[in-house]
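As stored in model-v3.cif (mmCIF, C-alpha atoms):
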```cif
data_query
#
loop_
_atom_site.label_atom_id
_atom_site.label_comp_id
_atom_site.auth_asym_id
_atom_site.auth_seq_id
_atom_site.Cartn_x
_atom_site.Cartn_y
_atom_site.Cartn_z
CA MET A 30 -20.05 11.80 -11.23
CA VAL A 31 -16.68 13.27 -10.33
CA PRO A 32 -14.72 10.74 -8.20
CA ARG A 33 -13.68 11.82 -4.73
CA ILE A 34 -10.11 10.81 -4.01
CA PRO A 35 -8.58 11.37 -0.55
CA VAL A 36 -5.39 13.44 -0.41
CA SER A 37 -2.74 12.84 2.22
CA VAL A 38 0.51 14.51 3.21
CA ASP A 39 3.54 12.28 3.88
CA LEU A 40 6.76 13.61 5.39
CA VAL A 41 10.35 12.59 4.67
CA VAL A 42 12.06 14.17 7.68
CA LEU A 43 15.86 13.83 7.55
CA THR A 44 18.57 14.73 10.03
CA VAL A 45 22.10 13.66 10.93
CA ARG A 46 22.18 11.55 14.09
CA CYS A 47 25.06 9.42 15.36
CA GLN A 48 27.05 10.18 12.19
CA ALA A 49 24.34 8.77 9.92
CA LEU A 50 21.67 10.26 7.68
CA SER A 51 18.49 9.30 9.53
CA ALA A 52 14.75 9.49 8.84
CA LEU A 53 11.81 9.76 11.22
CA VAL A 54 9.61 6.67 10.74
CA TRP A 55 7.26 4.36 12.61
CA ARG A 56 6.65 0.60 12.45
CA ARG A 57 3.06 -0.23 11.46
CA ASP A 58 1.15 -2.36 13.96
CA ARG A 59 -1.82 -3.15 11.75
CA PRO A 60 -2.56 -4.33 8.18
CA PRO A 61 -1.77 -3.53 5.49
CA TYR A 62 2.01 -3.80 5.73
CA GLU A 63 1.95 -4.72 9.41
CA GLY A 64 5.48 -4.65 10.82
CA HIS A 65 6.86 -2.44 8.04
CA TRP A 66 8.41 0.99 8.54
CA ALA A 67 6.31 3.92 7.33
CA LEU A 68 6.58 7.68 7.01
CA SER A 69 4.48 9.95 9.18
CA GLY A 70 1.46 11.27 7.33
CA GLY A 71 -2.18 12.23 7.47
CA PHE A 72 -5.13 13.35 5.35
CA ILE A 73 -5.53 17.06 4.72
CA HIS A 74 -8.48 18.88 6.27
CA LEU A 75 -11.04 20.58 4.06
CA ASP A 76 -10.19 23.99 5.52
CA GLU A 77 -6.38 23.91 5.24
CA ASP A 78 -3.86 24.30 2.45
CA LEU A 79 -0.98 21.91 1.84
CA PRO A 80 1.78 23.78 3.76
CA ALA A 81 -0.51 24.02 6.79
CA ALA A 82 -1.29 20.31 6.54
CA ALA A 83 2.42 19.48 6.38
CA ALA A 84 3.12 21.64 9.44
CA ARG A 85 0.25 19.99 11.33
CA VAL A 86 1.45 16.48 10.48
CA LEU A 87 4.98 17.45 11.56
CA ALA A 88 3.68 18.58 14.96
CA GLU A 89 0.90 16.07 15.61
CA ARG A 90 1.84 12.88 13.78
CA ALA A 91 5.62 13.15 13.60
CA GLY A 92 5.73 14.49 17.15
CA LEU A 93 7.98 17.50 16.50
CA PRO A 94 5.91 20.49 17.64
CA GLY A 95 7.83 23.73 17.47
CA ALA A 96 10.86 22.13 15.81
CA ALA A 97 12.76 24.40 13.41
CA VAL A 98 12.47 22.13 10.37
CA HIS A 99 12.94 23.30 6.79
CA LEU A 100 9.87 21.94 4.93
CA GLU A 101 9.50 21.95 1.16
CA GLN A 102 7.16 20.13 -1.19
CA LEU A 103 8.84 17.10 -2.75
CA ARG A 104 6.38 15.74 -5.32
CA THR A 105 2.93 14.16 -5.71
CA TYR A 106 2.34 10.40 -5.89
CA GLY A 107 -0.90 9.20 -7.42
CA TYR A 108 -0.62 5.87 -9.23
CA PRO A 109 -3.76 3.77 -8.61
CA ASP A 110 -2.28 0.84 -6.64
CA ARG A 111 -0.11 2.74 -4.14
CA ASP A 112 -2.59 1.94 -1.32
CA PRO A 113 -4.37 -1.46 -1.43
CA ARG A 114 -7.34 -0.13 0.55
CA GLN A 115 -8.42 2.75 -1.67
CA ARG A 116 -7.21 5.26 -4.23
CA VAL A 117 -5.17 7.91 -2.37
CA LEU A 118 -3.10 10.83 -3.63
CA SER A 119 -0.10 11.76 -1.54
CA VAL A 120 1.71 15.09 -1.54
CA ALA A 121 5.13 14.41 -0.05
CA TYR A 122 7.16 17.00 1.81
CA LEU A 123 10.86 16.95 2.59
CA GLY A 124 11.96 18.17 6.02
CA LEU A 125 15.59 18.93 6.91
CA ALA A 126 17.05 20.02 10.24
CA PRO A 127 20.11 19.57 12.47
CA ASP A 128 20.28 16.86 15.12
CA LEU A 129 16.60 16.75 16.11
CA PRO A 130 15.36 15.42 19.45
CA ALA A 131 13.38 12.24 19.90
CA SER A 132 9.77 12.51 18.79
CA THR A 133 7.13 13.20 21.41
CA GLU A 134 5.18 10.29 19.90
CA ALA A 135 6.30 6.96 21.38
CA HIS A 136 5.74 5.06 18.13
CA MET A 137 8.04 7.32 16.10
CA SER A 138 11.80 6.73 15.95
CA TRP A 139 14.89 7.85 14.05
CA GLN A 140 16.35 5.16 11.82
CA PRO A 141 19.39 5.29 9.51
CA VAL A 142 18.24 5.64 5.92
CA SER A 143 20.53 2.76 4.96
CA SER A 144 18.57 0.37 7.22
CA LEU A 145 15.19 1.04 5.59
CA PRO A 146 15.21 -1.18 2.47
CA GLY A 147 11.56 -2.26 2.76
CA MET A 148 8.76 0.10 3.74
CA ALA A 149 4.97 0.21 3.71
CA PHE A 150 3.03 1.32 0.63
CA ASP A 151 5.32 3.32 -1.70
CA HIS A 152 7.15 4.98 1.16
CA ARG A 153 10.53 3.56 0.15
CA ARG A 154 10.16 5.26 -3.23
CA ILE A 155 9.19 8.53 -1.53
CA MET A 156 12.15 8.15 0.85
CA VAL A 157 14.61 7.60 -2.01
CA ASP A 158 13.24 10.64 -3.84
CA GLY A 159 13.59 12.74 -0.67
CA VAL A 160 17.17 11.65 -0.05
CA GLU A 161 18.12 12.34 -3.66
CA ARG A 162 16.49 15.79 -3.46
CA ALA A 163 18.54 16.54 -0.34
CA ARG A 164 21.73 15.38 -2.06
CA ASP A 165 21.02 17.48 -5.13
CA LYS A 166 20.20 20.61 -3.16
CA LEU A 167 23.51 20.44 -1.31
CA GLU A 168 25.18 20.99 -4.68
CA TYR A 169 23.60 24.33 -5.54
CA THR A 170 21.93 25.74 -2.39
CA SER A 171 23.02 26.61 1.14
CA LEU A 172 20.72 23.93 2.57
CA GLY A 173 23.68 21.90 3.87
CA ALA A 174 23.88 24.36 6.75
CA ALA A 175 20.30 23.41 7.69
CA PHE A 176 21.78 20.18 9.09
CA CYS A 177 24.16 22.16 11.32
CA PRO A 178 23.62 23.91 14.66
CA PRO A 179 23.43 27.74 14.69
CA GLU A 180 27.23 27.96 14.97
CA PHE A 181 29.48 25.39 13.32
CA THR A 182 32.94 24.80 11.93
CA VAL A 183 33.81 24.05 8.33
CA ALA A 184 34.68 20.52 9.49
CA ASP A 185 31.16 20.17 10.92
CA LEU A 186 29.69 21.25 7.59
CA ARG A 187 32.01 18.95 5.63
CA ARG A 188 30.89 15.97 7.70
CA VAL A 189 27.28 16.79 6.84
CA TYR A 190 28.13 16.74 3.14
CA GLU A 191 30.04 13.48 3.55
CA ILE A 192 27.15 11.81 5.38
CA VAL A 193 24.44 13.01 2.99
CA TRP A 194 26.48 12.35 -0.15
CA GLY A 195 27.94 9.10 1.18
CA ARG A 196 31.54 9.88 0.24
CA THR A 197 34.69 11.43 1.69
CA LEU A 198 35.73 14.93 0.68
CA ASP A 199 39.14 16.56 0.58
CA PRO A 200 39.24 18.93 3.60
CA ARG A 201 41.28 21.69 1.96
CA ASN A 202 39.29 21.67 -1.26
CA PHE A 203 36.01 21.70 0.64
CA HIS A 204 37.17 24.57 2.88
CA ARG A 205 38.16 26.63 -0.16
CA LYS A 206 34.81 26.06 -1.89
CA VAL A 207 32.49 26.83 1.02
CA THR A 208 34.38 29.88 2.25
CA SER A 209 34.56 31.34 -1.26
CA ALA A 210 30.85 30.81 -2.02
CA GLU A 211 29.30 34.27 -1.74
CA GLY A 212 27.03 34.64 1.29
CA PHE A 213 27.19 30.96 2.29
CA LEU A 214 29.09 31.26 5.58
CA VAL A 215 29.43 34.22 7.92
CA PRO A 216 32.31 34.22 10.45
CA THR A 217 31.16 34.71 14.04
CA GLY A 218 34.58 35.91 15.24
CA ARG A 219 34.74 33.02 17.70
CA THR A 220 36.67 29.75 17.70
CA THR A 221 36.29 26.33 19.29
CA THR A 222 38.63 23.53 20.36
CA ARG A 223 35.89 20.94 20.96
CA ASP A 224 37.43 18.59 18.38
CA GLY A 225 40.93 18.93 19.83
CA GLY A 226 43.93 20.39 18.08
CA ARG A 227 44.14 23.97 16.89
CA PRO A 228 41.22 26.36 17.44
CA ALA A 229 38.73 26.21 14.57
CA LYS A 230 36.73 29.20 13.37
CA LEU A 231 32.99 29.19 14.02
CA TYR A 232 30.55 30.22 11.30
CA ARG A 233 26.83 30.71 10.95
CA ARG A 234 24.62 30.31 7.89
CA GLY A 235 24.74 33.35 5.64
CA PRO A 236 21.96 34.98 3.60
CA ALA A 237 22.69 33.12 0.37
CA VAL A 238 20.02 30.76 -0.95
CA LEU A 239 21.86 29.61 -4.07
CA LEU A 240 25.58 28.83 -4.08
CA HIS A 241 27.84 30.78 -6.41
CA PRO A 242 29.71 28.84 -7.61
CA PRO A 243 27.82 25.55 -7.02
CA MET A 244 29.48 22.50 -5.48
CA PRO A 245 28.81 19.51 -7.78
CA ARG A 246 29.44 16.05 -6.41
CA SER A 247 32.73 14.77 -7.75
CA PRO A 248 32.84 11.20 -9.10
CA LYS A 249 36.45 11.03 -7.91
CA GLU A 250 35.42 11.16 -4.26
CA THR A 251 35.27 7.84 -2.43
CA PRO A 252 32.70 6.44 0.03
CA PRO A 253 33.68 6.85 3.70
CA ALA A 254 35.05 3.81 5.51
CA ASP A 255 32.63 1.96 7.80
#
```
Is it possible to give me this structure as structure tokens?
Amino acid sequence: MVPRIPVSVDLVVLTVRCQALSALVWRRDRPPYEGHWALSGGFIHLDEDLPAAAARVLAERAGLPGAAVHLEQLRTYGYPDRDPRQRVLSVAYLGLAPDLPASTEAHMSWQPVSSLPGMAFDHRRIMVDGVERARDKLEYTSLGAAFCPPEFTVADLRRVYEIVWGRTLDPRNFHRKVTSAEGFLVPTGRTTTRDGGRPAKLYRRGPAVLLHPPMPRSPKETPPAD
């Protein structure tokens, strides 16, 4: 007999809130792992594919219906003891977006990634993999702009990189790299003084998917001060 193993979708949804890389999680109120933080997730329906299941979980379980979230498949987790109740396969998705609103579900909340050392099931491992994927993709894709509003300054974008990478970046060097990357940023022709000082140019995300040249994380950069 072929074994029937349930398949779930779990979401690592990341955004930048209050100057911190934050994840959408909920605190379990029942065993197993009662009191532990957990990712939003749910079992796939027999009549839906994986992307549709991820979109449904984002709307119904994560409480972000209609949110403009970049969703991509992260990886599959299937070792036998990941759930003490039964054998379950999980297909994890990574979601990235700018400063998202509070979830419509009362039990969901945004928590800084740094404050989530212990989580239910294998969700800490999934979270770490999601954060590392986000950090890697900022090196060679334009996904960093997915954390920004529709119009942003280079300083806004630099702060995203600093928060996600966990290190300070040289402003002039960063400005040179992002403005010279083909198709990364498109000038809007407008400026802003919201940060004080001289007017800063506003940009929007360009058509580029991959960065040419890429922006590898430099080991010489230092973590930002607390």
Write out as CSV a residue-level contact list of region 45-96 of chain A versus region 138-150 of chain A with cut-off 7 Å: for each qualifying residue the closest pair of atoms and the distance in Å to one decimal, counting only C-alpha atoms, rows sorted by chain and residue number upward.
```
residue,atom,partner,partner_atom,distance
A:Ala49,CA,A:Pro141,CA,6.1
A:Leu50,CA,A:Pro141,CA,5.8
A:Ser51,CA,A:Pro141,CA,4.1
A:Ala52,CA,A:Trp139,CA,5.5
A:Leu53,CA,A:Trp139,CA,4.6
A:Val54,CA,A:Ser138,CA,5.7
A:Trp55,CA,A:Ser138,CA,6.1
A:Tyr62,CA,A:Ala149,CA,5.4
A:His65,CA,A:Met148,CA,5.3
A:Trp66,CA,A:Met148,CA,4.9
A:Ala67,CA,A:Ala149,CA,5.4
```
Legend entry - Counting all atoms listed in the file, the residue of A:Pro127, A:Tyr232, A:Gly225, A:Met156 that sits nearest Gln48 (chain A): A:Pro127
Inset, instruction - Report as an NGL selection string the residues that result from applying the PyMOL selection byres ((chain A and resi 80) around 9) to the structure here. - result: :A and (77-79 or 81-85 or 100-102 or 122)
Apply the PyMOL selection byres ((chain A and resi 163) around 12) to the structure shown and report the selected residues as a PDB file with C-alpha atoms, keeping the file's coordinate frame.
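Done, and the output landed in selection-v1.pdb:
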```pdb
ATOM      1  CA  VAL A  41      10.350  12.590   4.670  1.00  0.00           C
ATOM      2  CA  VAL A  42      12.060  14.170   7.680  1.00  0.00           C
ATOM      3  CA  LEU A  43      15.860  13.830   7.550  1.00  0.00           C
ATOM      4  CA  THR A  44      18.570  14.730  10.030  1.00  0.00           C
ATOM      5  CA  LEU A  50      21.670  10.260   7.680  1.00  0.00           C
ATOM      6  CA  HIS A  99      12.940  23.300   6.790  1.00  0.00           C
ATOM      7  CA  LEU A 100       9.870  21.940   4.930  1.00  0.00           C
ATOM      8  CA  GLU A 101       9.500  21.950   1.160  1.00  0.00           C
ATOM      9  CA  GLN A 102       7.160  20.130  -1.190  1.00  0.00           C
ATOM     10  CA  LEU A 103       8.840  17.100  -2.750  1.00  0.00           C
ATOM     11  CA  TYR A 122       7.160  17.000   1.810  1.00  0.00           C
ATOM     12  CA  LEU A 123      10.860  16.950   2.590  1.00  0.00           C
ATOM     13  CA  GLY A 124      11.960  18.170   6.020  1.00  0.00           C
ATOM     14  CA  LEU A 125      15.590  18.930   6.910  1.00  0.00           C
ATOM     15  CA  ALA A 126      17.050  20.020  10.240  1.00  0.00           C
ATOM     16  CA  MET A 156      12.150   8.150   0.850  1.00  0.00           C
ATOM     17  CA  VAL A 157      14.610   7.600  -2.010  1.00  0.00           C
ATOM     18  CA  ASP A 158      13.240  10.640  -3.840  1.00  0.00           C
ATOM     19  CA  GLY A 159      13.590  12.740  -0.670  1.00  0.00           C
ATOM     20  CA  VAL A 160      17.170  11.650  -0.050  1.00  0.00           C
ATOM     21  CA  GLU A 161      18.120  12.340  -3.660  1.00  0.00           C
ATOM     22  CA  ARG A 162      16.490  15.790  -3.460  1.00  0.00           C
ATOM     23  CA  ARG A 164      21.730  15.380  -2.060  1.00  0.00           C
ATOM     24  CA  ASP A 165      21.020  17.480  -5.130  1.00  0.00           C
ATOM     25  CA  LYS A 166      20.200  20.610  -3.160  1.00  0.00           C
ATOM     26  CA  LEU A 167      23.510  20.440  -1.310  1.00  0.00           C
ATOM     27  CA  GLU A 168      25.180  20.990  -4.680  1.00  0.00           C
ATOM     28  CA  TYR A 169      23.600  24.330  -5.540  1.00  0.00           C
ATOM     29  CA  THR A 170      21.930  25.740  -2.390  1.00  0.00           C
ATOM     30  CA  SER A 171      23.020  26.610   1.140  1.00  0.00           C
ATOM     31  CA  LEU A 172      20.720  23.930   2.570  1.00  0.00           C
ATOM     32  CA  GLY A 173      23.680  21.900   3.870  1.00  0.00           C
ATOM     33  CA  ALA A 174      23.880  24.360   6.750  1.00  0.00           C
ATOM     34  CA  ALA A 175      20.300  23.410   7.690  1.00  0.00           C
ATOM     35  CA  PHE A 176      21.780  20.180   9.090  1.00  0.00           C
ATOM     36  CA  VAL A 189      27.280  16.790   6.840  1.00  0.00           C
ATOM     37  CA  TYR A 190      28.130  16.740   3.140  1.00  0.00           C
ATOM     38  CA  ILE A 192      27.150  11.810   5.380  1.00  0.00           C
ATOM     39  CA  VAL A 193      24.440  13.010   2.990  1.00  0.00           C
ATOM     40  CA  TRP A 194      26.480  12.350  -0.150  1.00  0.00           C
TER      41      TRP A 194
END
```
Inset, instruction - Skip Thr105 (chain A) itself and residues of its chain fewer than 6 positions away, then list as a list in words all residues within 12 Å of it, counting only C-alpha atoms. - result: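 The filter keeps Val36, Ser37, Val38, Asp39, Leu40, Leu79, Arg111, Val117, Leu118, Ser119, Val120, Ala121, Tyr122, Leu123, Asp151, Arg154, Ile155, Asp158 and Gly159 of chain A.
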Inset, instruction - For CA of Met30 (chain A) and CA of Asp110 (chain A), quote the distance in Å rounded to one decimal. - result: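 One can read the CA of Met30 (chain A) to CA of Asp110 (chain A) distance as 21.4 Å.
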Report, as AutoDock Vina command-line options, the axis-aligned box around all atoms of region 236-239 of chain A present in the file, extended by 6 Å on each side; give centre and edge lengths in Å to one decimal place.
```
--center_x 21.4 --center_y 32.3 --center_z -0.2 --size_x 14.7 --size_y 17.4 --size_z 19.7
```
Legend entry - Counting only C-alpha atoms, the residue of A:Pro243, A:Pro200, A:Pro179, A:Gly212 that sits nearest Leu231 (chain A): A:Pro179
Inset, instruction - Quote the spacing between CA of His74 (chain A) and CA of Thr133 (chain A) in Å to one decimal place. - result: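 Atom-to-atom, CA of His74 (chain A) to CA of Thr133 (chain A), that is 22.5 Å.
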Inset, instruction - Work out how far CA of Arg56 (chain A) is from CA of Glu134 (chain A), in Å to one decimal. - result: 12.3 Å
Inset, instruction - Using all atoms listed in the file, pick whichever of A:Asp128, A:Glu180, A:Glu89, A:Asp199 has the shortest atom-to-atom distance to Leu214 (chain A). - result: A:Glu180
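Compared by their closest atoms to Cys177 (chain A), and using only C-alpha atoms, the residues A:Arg233, A:Arg57, A:Arg227, A:Arg246 rank with A:Arg233 nearest.
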Legend entry - Minimum-distance residue to Arg187 (chain A), chosen among A:Pro236, A:Arg223, A:Met244, A:Pro35 (using only C-alpha atoms):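 Among the listed residues, A:Met244 lies closest to Arg187 (chain A).
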Inset, instruction - May I have the residues within 12 Å of Arg219 (chain A) as a VMD selection string, using only C-alpha atoms and disregarding those fewer than 2 positions away in the same chain? - result: chain A and resid 180 to 182 215 to 217 221 to 222 228 to 233
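Minimum atom-to-atom distance to Asp58 (chain A), evaluated using all atoms listed in the file, belongs to A:His136 out of A:Val183, A:Pro113, A:His204, A:His136.
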Legend entry - Distance query Arg90 (chain A) at most 7 Å, only C-alpha atoms, self and fewer than 4 positions along chain excluded, as a VMD selection string: chain A and resid 69 to 70 86
Kindly export the residues of the current selection with C-alpha atoms, as a PDB file, in the frame of the given file.
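Ended up saving to selection-v9.pdb:
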```
ATOM      1  CA  SER A  69       4.480   9.950   9.180  1.00  0.00           C
ATOM      2  CA  GLY A  70       1.460  11.270   7.330  1.00  0.00           C
ATOM      3  CA  VAL A  86       1.450  16.480  10.480  1.00  0.00           C
TER       4      VAL A  86
END
```
